[in-house]
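First the structure, in the form of structure tokens, and then the observations on it.
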Amino acid sequence: MSTVRVAIAQCAPALGAVHRNLEMHRAWIAKARDAGAGLVIFPELSLTGYYLKDLAADVACAADDPVLAPIAEASRALDISAGFVERSADAKLHIAQGYWSGGKLVHVHRKVYLPTYGIFDDGRYFGQGDRFETFAAAGGTAGIAICEDLWHVSTPYLLAAAGASLVFCPSASPGRGVAEGGDLGTAESCRLMDRFYAQYLTIYVVYANRVGHEDGIAFWGGSEIVAPDGTVVARAPEFDEHLLVGEIDTELVARERARNPLLRDEREDIVLRNLASRLGLPLDRRD
Amino acid sequence: MTESLARTGVIRPDPKDPSPLRIDEALVRKMLVSFVRDETVKAGLKRAVIGVSGGIDSAVTAALASEALGPDNVLGLFTPYRRSSDESRLHAQAVSKAFGFRLEEVPITKQVDAYFADNGGDTADRIRVGNKMARERKSIEYDRSWPDGIVIGTSNKTELLLGYGTQFGDMAAGINPVGDLYKTQLRELAAHLGIPAEIVRKAPTAELWEGQTDEGELGFTYAEADLLLYHMVDRRLRPAELVAAGFDPKLVTRIREMVRRSHYKRVMPIIAKVSLRTVGHDFLYPRDWEAD
């Protein structure tokens with residue numbers, strides 16, 4: 001069996017306190033290493049906190065800023081994915097999730113879908129990312145979808161189509177909806193999403209949510225790893241800090257895809273022609 | 001399966017169906033206890049100060065704070081005026097006993113009466129007297145919170161939306177764990193927390209004058225208002241849709257007007273903008289701005 005042990009650091013970052021959060025990351029990385037993990041994933045904006053407002057500009061840094069060096073250094077022992085505010089070369093601020101391995105930053109995803117409605121105001125403070133890319137991660141080819149990114153059906157679809165067998169979803173999801181007769185409203189929606197994408201795109205979904213409060217809003221935790229056959233490999237408790245550890249079996253992806261070859265049979269050309277025609281874009285046809 | 005279908009199905013507005021107001025009490029308790037703990041610590045404080053009136057809102061708040069911070073870190077203040085009833089005192093004491101926090105009695109009669117003796121006397125409007133009492137109480141809570149306590153608010157969602165409270169009086173607080181729960185939902189949570197039944201059952205009153213009850217003064221019941229507010233606010237139904245669903249058109253108009261007219265009470269004072277960067281307008285830092 002070819003498995004990789006993945007850890008999710010379901011933590012509560014301090015808002016706007018990067019150095020304290022770096023210390024906090026160090027502690028969780030050590031715990032993940034002790035648990036035998038080959039990869040530890042932190043939630044969205046784990047190094048800065050989420051509801052930053054004007055603090056976003058104060059805590060932003062370039063992806064190669066020395067302030068992130070301790071994370072790079074720690075990634076010599078195991079792969080690390082953590083969230084920060086990236087200031088791009090042309091001075092735009094992005095909600096970013098880095099992936100560090102072997103002492104180096106190997107991938108950065110900039111959040112594409114910035115929720116700006118209800119309790120969210122991402123679009124006021126941040127610029128949009130403009131792509132979903134895959135990269136080589138512990139456990140296979142992976143893609144990152146930050147929180148709201150995953151709520152857009154096209155995101156995991158594009159990543160799976162591009163070869164990802166793992167989708168990491170670092171989140172800062174506020175818990176809301178406390179009606180009787182079910183789980184927390186947000187939790188129900190997220191679990192439905194994770195399981196649906198995992199099973200119908202035959203991928204692992206690694207959902208890393210945070211906990212703690214910011215200005216009265218509670219992040220609900222409930223991090224989970226869902227396998228391509230739809231089973232929940234591991235799930236963290238709601239609202240409490242927790243190091244969640246689960247095994248990712250790369251052969252299970254192959255077995256599920258043999259049994260259920262939805263991705264093999266996917267007609268990306270039809271999707272592309274349909275969208276191109278609707279948007280009035282020309283397509284060079286190869287046939 | 002049936003349950004989850006019920007949860008995800010369409011919630012229909014129906015003045016005779018209060019079920020959409022029901023909450024998962026254990027989940028809400030967990031969320032509110034950790035809210036009090038987290039936000040008190042983030043403010044750099046460790047104790048809670050709560051005005052305990054003998055009513056259900058402050059009973060629930062004191063129970064949550066006791067669970068969050070430990071009863072030794074909770075101070076309840078019973079602040080009677082000469083018209084306050086003995087029953088209120090007994091109920092405040094019962095809550096203190098049930099949850100183990102210290103209750104102190106600080107009467108407000110002398111200062112309120114002394115003030116009105118020189119400022120309007122017996123002719124002072126009872127609303128003025130009620131507001132003065134609410135602000136007097138809050139000034140005592142803030143005084144007693146020094147140096148390491150946070151004043152915990154007890155205004156529920158119904159009162160906040162209707163504006164049924166005194167600005168900078170009972171509405172004032174450092175944090176408020178119960179402000180997103182309608183009165184009906186607070187009753188449900190109170191029963192779950194083990195608040196004595198006679199407190200959960202009694203008619204809500206601010207005791208601002210003799211024989212006052214909230215529902216008598218408002219002219220409608222909390223059950224009616226909560227259900228209407230739920231569909232109007234939480235579910236975003238327009239007045240015409242509420243009337244079409246069978247809600248009383250007069251009540252719909254009245255409650256909507258109460259919400260509109262009281263909105264000033266729910267926001268910070270507005271500041272005239274003249275500079276390049278202004279508090280409240282475009283100087284927007286989170287309150288939980290933490291030290292690095």
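Labeling convention for the structure tokens: chains A, B, ... as they appear, residues from 1 per chain, ligands from 1 in order of appearance.
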_Near chain B, meaning an atom within 9 Å, which residues of chain A appear when counting only C-alpha atoms? Write them as a ChimeraX atom specification._
/A:14-21,51-55,175,177-184,212-218,220,239
*Proximity to Ala190 in chain B - best of B:Leu227, B:Leu75, B:Ile56, B:Leu45, only C-alpha atoms*: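 Smallest distance to Ala190 in chain B is found for B:Ile56.
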_If DSSP is run on the backbone, what residues of range 13-258 of chain A are alpha helix (DSSP H)? A reply as an MDAnalysis selection string would be ideal._
chainID A and resid 18:34 55:59 69:74 122:125 148:151 154:161 185:200 250:258
*asked:* When you look at range 90-105 of chain A with a cut-off of 6 Å (counting only C-alpha atoms), what residues show up, excluding the ones that are within fewer than 6 positions of it in the same chain? I need them as a PyMOL selection string.
replied: chain A and resi 72-73+75-76+79-84+111+126-127
*Tell me, in Å to one decimal, how far CA of Lys273 in chain B is from CA of Tyr50 in chain A.*
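Those two atoms sit 27.8 Å apart.
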*Provide the CA of Ala198 in chain A to CA of Ala227 in chain A distance in Å, to one decimal place.*
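Going from CA of Ala198 in chain A over to CA of Ala227 in chain A, I get 6.1 Å.
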Neighbours of Arg195 in chain A within 9 Å (only C-alpha atoms; same-chain residues fewer than 5 positions away dropped), as a PDB file with C-alpha atoms, in the first residue's frame?
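Saved as around_39.pdb:
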ATOM      1  CA  CYS A 190     -19.481  21.833   3.627  1.00  0.00           C
ATOM      2  CA  TYR A 200     -17.783  12.336  -8.323  1.00  0.00           C
ATOM      3  CA  VAL A 205     -10.704  16.424  -0.531  1.00  0.00           C
ATOM      4  CA  VAL A 226     -12.766  12.591   2.354  1.00  0.00           C
ATOM      5  CA  ALA A 227     -11.602   9.769   0.076  1.00  0.00           C
ATOM      6  CA  PRO A 228     -12.466   9.285  -3.621  1.00  0.00           C
ATOM      7  CA  ASP A 229     -14.948   6.553  -2.688  1.00  0.00           C
ATOM      8  CA  GLY A 230     -16.847   9.082  -0.567  1.00  0.00           C
ATOM      9  CA  THR A 231     -15.751   7.749   2.810  1.00  0.00           C
ATOM     10  CA  VAL A 232     -14.707  10.166   5.527  1.00  0.00           C
TER      11      VAL A 232
END
*Skip range 158-173 of chain A itself and residues of its chain fewer than 6 positions away, then list as a PyMOL selection string all residues within 6 Å of it, counting only C-alpha atoms.*
chain A and resi 43-44+141-147+203-210+219
_What's around Val233 in chain A at 9 Å? Count only C-alpha atoms, leave out sequence neighbours fewer than 6 positions away in its own chain, and write the answer as a count of residues only._
7
_I need the strand (DSSP E or B) residues of range 10-208 of chain A per DSSP on the backbone, written as a PyMOL selection string._
chain A and resi 10+39-41+61+79-87+93-101+104-110+134-137+140-144+166-171+174+179+204-208
Keeping N, CA and C atoms, export the residues of the selection given above as a compact mmCIF listing (two decimals), in the first residue's frame.
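Resulting contents of selection-v4.txt:
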# COMPACT_ATOMS: atom_id res chain seq x y z
N GLN A 10 -6.01 22.21 12.92
CA GLN A 10 -7.25 22.97 13.14
C GLN A 10 -7.01 23.93 14.32
N LEU A 39 2.89 15.66 5.66
CA LEU A 39 2.37 16.96 5.23
C LEU A 39 1.47 17.51 6.33
N VAL A 40 1.60 18.80 6.63
CA VAL A 40 0.65 19.43 7.55
C VAL A 40 0.04 20.64 6.85
N ILE A 41 -1.28 20.72 6.92
CA ILE A 41 -2.02 21.79 6.25
C ILE A 41 -2.65 22.71 7.29
N CYS A 61 3.05 40.48 2.91
CA CYS A 61 4.46 40.36 2.56
C CYS A 61 4.58 39.63 1.22
N ASP A 79 6.33 18.39 4.52
CA ASP A 79 5.71 19.44 3.69
C ASP A 79 4.73 20.25 4.54
N ILE A 80 4.63 21.54 4.19
CA ILE A 80 3.76 22.45 4.97
C ILE A 80 2.95 23.31 4.01
N SER A 81 1.68 23.44 4.29
CA SER A 81 0.88 24.42 3.54
C SER A 81 0.24 25.37 4.55
N ALA A 82 0.49 26.67 4.37
CA ALA A 82 -0.01 27.68 5.32
C ALA A 82 -0.48 28.91 4.57
N GLY A 83 -1.32 29.71 5.25
CA GLY A 83 -1.94 30.86 4.59
C GLY A 83 -1.34 32.18 5.04
N PHE A 84 -1.23 33.12 4.10
CA PHE A 84 -0.69 34.45 4.42
C PHE A 84 -1.26 35.48 3.47
N VAL A 85 -1.03 36.76 3.77
CA VAL A 85 -1.43 37.81 2.84
C VAL A 85 -0.22 38.11 1.96
N GLU A 86 -0.39 37.86 0.67
CA GLU A 86 0.72 38.07 -0.26
C GLU A 86 0.61 39.46 -0.90
N ARG A 87 1.71 40.19 -0.85
CA ARG A 87 1.78 41.44 -1.62
C ARG A 87 2.53 41.11 -2.90
N LEU A 93 -2.80 43.07 -2.99
CA LEU A 93 -2.87 42.15 -1.86
C LEU A 93 -3.73 40.94 -2.24
N HIS A 94 -3.24 39.76 -1.88
CA HIS A 94 -3.98 38.53 -2.18
C HIS A 94 -4.08 37.65 -0.93
N ILE A 95 -5.20 36.96 -0.82
CA ILE A 95 -5.29 35.87 0.16
C ILE A 95 -4.57 34.70 -0.48
N ALA A 96 -3.46 34.27 0.14
CA ALA A 96 -2.61 33.28 -0.50
C ALA A 96 -2.43 32.06 0.40
N GLN A 97 -2.21 30.91 -0.25
CA GLN A 97 -1.86 29.69 0.48
C GLN A 97 -0.60 29.15 -0.16
N GLY A 98 0.46 29.04 0.62
CA GLY A 98 1.72 28.52 0.10
C GLY A 98 1.85 27.04 0.37
N TYR A 99 2.70 26.41 -0.43
CA TYR A 99 3.05 25.00 -0.18
C TYR A 99 4.57 24.92 -0.18
N TRP A 100 5.13 24.56 0.97
CA TRP A 100 6.57 24.49 1.13
C TRP A 100 7.00 23.03 1.23
N SER A 101 8.10 22.70 0.58
CA SER A 101 8.61 21.34 0.63
C SER A 101 10.14 21.37 0.47
N LYS A 104 11.81 24.76 0.53
CA LYS A 104 11.49 25.79 -0.49
C LYS A 104 9.98 25.95 -0.65
N LEU A 105 9.60 27.16 -1.06
CA LEU A 105 8.21 27.42 -1.45
C LEU A 105 8.04 26.87 -2.87
N VAL A 106 7.14 25.88 -3.03
CA VAL A 106 7.01 25.28 -4.36
C VAL A 106 5.74 25.69 -5.08
N HIS A 107 4.77 26.22 -4.34
CA HIS A 107 3.53 26.64 -5.02
C HIS A 107 2.82 27.69 -4.16
N VAL A 108 2.21 28.66 -4.84
CA VAL A 108 1.33 29.62 -4.15
C VAL A 108 0.02 29.69 -4.92
N HIS A 109 -1.09 29.51 -4.20
CA HIS A 109 -2.39 29.75 -4.82
C HIS A 109 -2.96 31.05 -4.26
N ARG A 110 -3.44 31.91 -5.14
CA ARG A 110 -4.12 33.14 -4.73
C ARG A 110 -5.62 32.91 -4.86
N THR A 134 -2.14 22.98 -10.76
CA THR A 134 -1.79 21.79 -9.98
C THR A 134 -0.28 21.77 -9.77
N PHE A 135 0.13 21.00 -8.78
CA PHE A 135 1.55 20.90 -8.47
C PHE A 135 1.79 19.55 -7.79
N ALA A 136 3.06 19.17 -7.70
CA ALA A 136 3.40 17.89 -7.07
C ALA A 136 3.47 18.07 -5.57
N ALA A 137 2.64 17.33 -4.85
CA ALA A 137 2.60 17.43 -3.39
C ALA A 137 2.80 16.04 -2.80
N GLY A 140 0.60 13.02 -4.05
CA GLY A 140 0.20 13.06 -5.47
C GLY A 140 0.05 14.47 -6.00
N THR A 141 -0.50 14.53 -7.23
CA THR A 141 -0.73 15.84 -7.85
C THR A 141 -1.88 16.52 -7.11
N ALA A 142 -1.65 17.79 -6.75
CA ALA A 142 -2.63 18.47 -5.90
C ALA A 142 -2.98 19.84 -6.46
N GLY A 143 -4.10 20.35 -6.00
CA GLY A 143 -4.48 21.72 -6.29
C GLY A 143 -5.02 22.33 -5.00
N ILE A 144 -5.01 23.66 -4.92
CA ILE A 144 -5.50 24.34 -3.72
C ILE A 144 -6.73 25.16 -4.09
N LEU A 166 -5.69 15.23 -5.47
CA LEU A 166 -5.89 15.79 -4.12
C LEU A 166 -6.31 17.25 -4.27
N VAL A 167 -7.34 17.64 -3.56
CA VAL A 167 -7.66 19.07 -3.49
C VAL A 167 -7.60 19.49 -2.03
N PHE A 168 -6.71 20.45 -1.77
CA PHE A 168 -6.59 21.00 -0.42
C PHE A 168 -7.50 22.20 -0.32
N CYS A 169 -8.31 22.23 0.73
CA CYS A 169 -9.20 23.38 0.90
C CYS A 169 -8.99 24.02 2.27
N PRO A 170 -8.01 24.92 2.37
CA PRO A 170 -7.83 25.68 3.60
C PRO A 170 -8.97 26.69 3.73
N SER A 171 -9.60 26.76 4.91
CA SER A 171 -10.80 27.58 5.06
C SER A 171 -10.77 28.40 6.33
N PRO A 174 -17.06 30.66 8.84
CA PRO A 174 -17.81 31.02 10.04
C PRO A 174 -19.03 30.11 10.21
N ALA A 179 -30.56 25.97 13.58
CA ALA A 179 -31.92 25.44 13.67
C ALA A 179 -31.91 24.03 14.23
N TYR A 204 -9.19 13.03 -3.48
CA TYR A 204 -9.23 13.28 -2.04
C TYR A 204 -9.53 14.76 -1.82
N VAL A 205 -10.48 15.04 -0.95
CA VAL A 205 -10.70 16.42 -0.53
C VAL A 205 -10.19 16.56 0.90
N VAL A 206 -9.26 17.48 1.08
CA VAL A 206 -8.68 17.72 2.41
C VAL A 206 -9.14 19.11 2.86
N TYR A 207 -10.11 19.11 3.76
CA TYR A 207 -10.76 20.36 4.16
C TYR A 207 -10.20 20.79 5.52
N ALA A 208 -9.46 21.91 5.52
CA ALA A 208 -8.80 22.36 6.75
C ALA A 208 -9.43 23.67 7.22
*Find the residues around Lys97 in chain B up to 12 Å (only C-alpha atoms counted), leave out those fewer than 3 positions away in its own chain, and share them as an MDAnalysis selection string.*
chainID B and resid 59 62:63 66 71 76 90:94 100:103 194:196
*asked:* I'd like to know which of B:Ser88, B:Thr154, B:Gln111, B:Gln212 is closest to Ala65 in chain B, using only C-alpha atoms.
replied: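 The answer is B:Thr154, which sits nearest to Ala65 in chain B.
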